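Scroll down for the structure; my scribbles are underneath it.
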Amino acid sequence: MCSYVWFFVSIVQITVNPPYNTGHDFIYPDSFIMDNEDYNEGIGYFDEDGNVNFKRENSATTGRYHSDWCSMIYSRLMLARNLLTEDGVIFISINDYEIENLRNVCNEVFGRTNLIANLCWRTDGNFDNQARIKVCHEYILVYAKNENKVLHPPVIDPNISDSSKLKKDIIRNTIVKNGPKNPISDVIIPEGFPCDFENGVIDVSSINFPQYSTNIICENYKLKNSVIATSGWAAKSQLLEFISNGFNYVIDTKGQQSTFTISKTGAIECIKKRSDFQSHVISVLTNLGGTQKATAELDELGSFGKFFDYPKPVILLKYLVSMFVSKNDVVLDFFSGSATTAHAVMQLNAEDGGKRKYIMVQVPEKTSEDSEAYKAGYKNICEIGKERLRRAGAKIKAELSEKGLLIRDLQTKNSSAHWTDTDEYKNGNRMIADDLDIGFRVLKLDETNMKDIYYTPAETTQTTIAGVISNIKNDRNDLDLLFGCLLDWGLPLSMPYSSEQIEGVTVHTYNDGDLIACFDKNISESVIKTIAKRQPLRVVFRDDSFADSPSKINVSEIFKMLSPDTRVKVI
């Protein structure tokens with residue numbers, strides 16, 4: 001079974017903030033085969049049990065300073081690539097120390113041609129004033145699984161001013177463009193061509209370009225006489241298409257509606273109506289926070305800031321997620337840490353009414369007993385992340401329903417500065433707040449629910465036979481078995497389920513009948529018939545739920561009669 005079997009989703013975006021290679025403790029217990037025993041013993045590469053010692057100091061003077069880190073990240077990137085959809089992307093945050101090695105690893109895993117960008121994030125806040133050069137940036141590598149499948153990100157750099165052309169509904173530009181790539185040619189401008197003024201005559205002798213064959217006469221916003229215009233053209237093919245289309249708009253390469261007109265100065269202008277889709281991402285990310293801002297955000301939720309040295313700000317992750325993730329997509333972060341990515345996804349859903357989902361993966365790294373986190377009752381990093389998400393979700397929902405958080409989808413209905421005071425705005429926010437999903441489900445990776453049977457005939461005794469009457473491990477409960485069945489059937493682990501008592505036994509219903517399970521012993525025939533009458537897609541029982549083989553056979557017959565399309569399974 002693959003190590004990533006529990007990810008039964010197509011991941012559109014993976015955000016990776018791996019541990020930077022600081023040379024200190026290595027908590028990821030991957031195993032590598034080594035050859036030079038003397039060298040390994042000299043640097044303490046193995047512990048006394050012969051296992052790789054990841055708690056050793058991985059200083060820059062050791063021969064495997066870069067190798068350890070590269071080996072750790074390589075296997076995880078291979079897994080990440082397998083999880084991505086064909087149009088999926090991965091963001092990887094890194095500093096100067098391993099940027100070259102990371103690019104080489106990514107080029108091997110994803111292919112050099114699938115590099116989308118190497119973003120430079122200008123971190124806000126204080127710097128090391130003792131350094132020769134004050135370092136105030138980190139890198140974020142962006143790779144695609146298939147670069148040809150990735151569309152332009154539908155976002156505009158947040159630093160673009162409101163007065164920019166990018167934020168105007170209409171764009172006007174002259175199409176006169178003379179140069180080697182735009183040789184001079186003639187275009188016949190026919191009668192009826194749109195003009196930008198109602199009536200008048202333009203003396204063309206005062207116009208350099210375009211050069212016209214005769215004066216321009218306009219009546220009722222239309223050209224009265226046909227003229228020949230001579231110039232170099234920036235959009236000649238679109239102009240000719242516009243003319244042949246009866247002066248109705250044409251669609252340019254960006255999907256924008258384009259029309260043409262003659263201005264009062266005699267220039268021929270192209271008027272483009274911007275589509276709702278706009279893309280303008282700059283490779284240098286500025287004003288998107290830094291460690292200090294991220295620490296302050298954590299402190300707002302309950303003094304979490306002192307638990308992490310270098311957290312990422314929500315505003316940065318929110319911007320990255322918005323680049324390639326649609327409203328119903330899934331985001332994965334397998335170095336979850338303080339769970340900033342999940343916080344950013346919830347915040348983005350609150351702002352645009354999206355239904356994005358997240359998967360956070362984190363090794364349950366224990367907190368040091370002398371750390372602030374341990375003193376606050378958090379024994380591992382996962383516990384901090386879970387509590388952060390509970391508090392962040394509650395805060396977002398409260399702001400949305402009570403304080404009038406700006407909602408982009410609602411805001412487009414009315415641009416009035418006072419619209420946020422109206423009942424329509426407030427009620428709209430409350431509806432989105434009520435519908436906002438801030439819940440999450442915590443799952444822990446474990447071994448199979450089934451007992452391992454490795455006895456040879458010579459080793460088999462009455463005692464060992466008695467121990468395997470039940471094939472399920474003794475410490476497993478109903479939910480362990482239920483989620484194990486979801487994995488076996490390839491069903492999402494995020495769907496709702498409920499439990500109920502029927503004649504003294506517990507029946508679990510997953511996603512309104514996609515699967516019904518009962519793992520109690522001695523299930524009566526009437527309970528089985530009740531389940532069958534609900535006609536689930538799948539049903540599962542445990543082997544010792546039935547007294548004998550005839551009872552088990554009877555289950556199949558009941559379902560054949562009452563729900564013939566149900567898939568029946570016994571574990």
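Residue numbering restarts at 1 in every chain; chains get A, B, ... in the order shown in the structure tokens, and ligands count up from 1 in that same order.
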
(message) Taking the DSSP secondary structure from the backbone, can you list the residues of region 56-274 of chain A that are strand (DSSP E), as a ChimeraX atom specification?
(response) /A:84-94,115-122,137-144,170-174,185-189,200-202,211-212,216-219,222-223,227-231,250-251,257-262,268-273

Could you please take those selected residues and save C-alpha atoms as a short mmCIF file (atom, residue, chain, number, x, y, z; two decimals), in the first residue's frame?
```cif
data_model
loop_
_atom_site.label_atom_id
_atom_site.label_comp_id
_atom_site.auth_asym_id
_atom_site.auth_seq_id
_atom_site.Cartn_x
_atom_site.Cartn_y
_atom_site.Cartn_z
CA LEU A 84 -1.08 17.23 -7.82
CA THR A 85 -3.74 17.54 -10.48
CA GLU A 86 -2.53 18.07 -14.04
CA ASP A 87 -3.05 21.83 -13.65
CA GLY A 88 -1.77 21.86 -10.06
CA VAL A 89 1.11 23.94 -8.70
CA ILE A 90 3.41 23.78 -5.71
CA PHE A 91 4.86 26.72 -3.73
CA ILE A 92 8.06 26.05 -1.78
CA SER A 93 9.44 28.62 0.63
CA ILE A 94 13.22 28.65 1.10
CA LEU A 115 9.20 26.16 -13.33
CA ILE A 116 6.52 28.85 -13.19
CA ALA A 117 8.49 31.44 -11.21
CA ASN A 118 11.07 32.06 -8.55
CA LEU A 119 9.26 34.61 -6.41
CA CYS A 120 11.24 36.88 -4.14
CA TRP A 121 9.34 37.76 -0.96
CA ARG A 122 10.51 41.03 0.57
CA HIS A 137 14.01 38.54 1.49
CA GLU A 138 13.23 34.87 1.05
CA TYR A 139 12.39 32.83 -2.03
CA ILE A 140 9.23 31.00 -3.03
CA LEU A 141 9.70 28.54 -5.88
CA VAL A 142 6.60 27.84 -7.95
CA TYR A 143 6.52 24.65 -10.02
CA ALA A 144 3.69 23.07 -11.99
CA ILE A 170 -12.35 50.47 -20.21
CA ILE A 171 -8.91 50.78 -21.84
CA ARG A 172 -8.29 53.19 -24.72
CA ASN A 173 -5.12 53.12 -26.78
CA THR A 174 -4.17 54.30 -30.25
CA SER A 185 0.29 49.59 -44.89
CA ASP A 186 -3.10 50.83 -46.05
CA VAL A 187 -6.45 50.12 -44.42
CA ILE A 188 -9.74 51.18 -45.98
CA ILE A 189 -11.92 52.80 -43.32
CA GLY A 200 -17.46 67.64 -37.58
CA VAL A 201 -14.70 67.66 -40.15
CA ILE A 202 -11.06 66.83 -39.43
CA GLN A 211 -2.11 59.51 -43.04
CA TYR A 212 -5.57 59.83 -44.65
CA ILE A 216 -12.66 62.98 -42.29
CA ILE A 217 -16.34 63.92 -42.20
CA CYS A 218 -18.38 62.73 -39.22
CA GLU A 219 -22.15 62.87 -38.87
CA LYS A 222 -20.34 57.86 -37.83
CA LEU A 223 -17.90 58.36 -40.68
CA VAL A 227 -11.10 57.01 -46.41
CA ILE A 228 -7.79 55.20 -46.80
CA ALA A 229 -5.62 55.26 -43.67
CA THR A 230 -1.89 54.64 -44.01
CA SER A 231 0.29 53.74 -41.00
CA VAL A 250 -14.46 41.47 -31.55
CA ILE A 251 -12.70 39.35 -28.91
CA GLN A 257 -14.33 42.86 -26.06
CA SER A 258 -12.64 45.27 -28.47
CA THR A 259 -14.14 48.07 -30.59
CA PHE A 260 -12.50 50.84 -32.63
CA THR A 261 -13.25 54.52 -33.14
CA ILE A 262 -11.84 57.68 -34.73
CA ILE A 268 -7.79 55.44 -34.55
CA GLU A 269 -8.20 54.05 -31.06
CA CYS A 270 -8.96 50.59 -29.75
CA ILE A 271 -11.41 50.49 -26.84
CA LYS A 272 -11.19 47.33 -24.78
CA LYS A 273 -13.72 46.30 -22.18
#
```

(request) Could you check how far CA of Leu515 (chain A) sits from CA of Val345 (chain A), in Å to one decimal? (result)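 About the pair CA of Leu515 (chain A) and CA of Val345 (chain A): they are 29.0 Å apart.
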
(message) Set the distance at 12 Å and use only C-alpha atoms: which residues neighbour region 499-502 of chain A once local chain neighbours fewer than 4 positions away are removed? I'd like the list as a VMD selection string.
(response) chain A and resid 478 to 479 482 506 to 513 516 to 520 523 to 531

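Within region 131-255 of chain A, DSSP run on the backbone puts these residues in alpha helix (DSSP H): Lys236, Ser237, Gln238, Leu239, Leu240, Glu241, Phe242, Ile243 and Ser244 of chain A.
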
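Neighbours of Ala294 (chain A) closer than or equal to 7 Å, with only C-alpha atoms counted and sequence neighbours fewer than 5 positions away skipped, come out as Pro311, Lys312, Pro313 and Val314 of chain A.
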
(request) Name the closest residue to Asn245 (chain A) among the candidates A:Pro153, A:Glu297, A:Phe193, A:Ser164; distances are taken between atoms, counting only C-alpha atoms. (result) A:Phe193

(request) State, in Å with one decimal place, the distance from CA of Gly385 (chain A) to CA of Gly337 (chain A). (result)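 So the answer is 6.7 Å.
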
(message) One number please: CA of Asn328 (chain A) to CA of Ser283 (chain A), in Å, one decimal.
(response)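 About the pair CA of Asn328 (chain A) and CA of Ser283 (chain A): they are 26.1 Å apart.
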
(request) Find the residue from A:Asn554, A:Ser401, A:Gln238, A:Ser322 that sits nearest to Asp352 (chain A); use only C-alpha atoms when measuring. (result)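 Between A:Asn554, A:Ser401, A:Gln238, A:Ser322, the residue approaching Asp352 (chain A) most closely is A:Ser322.
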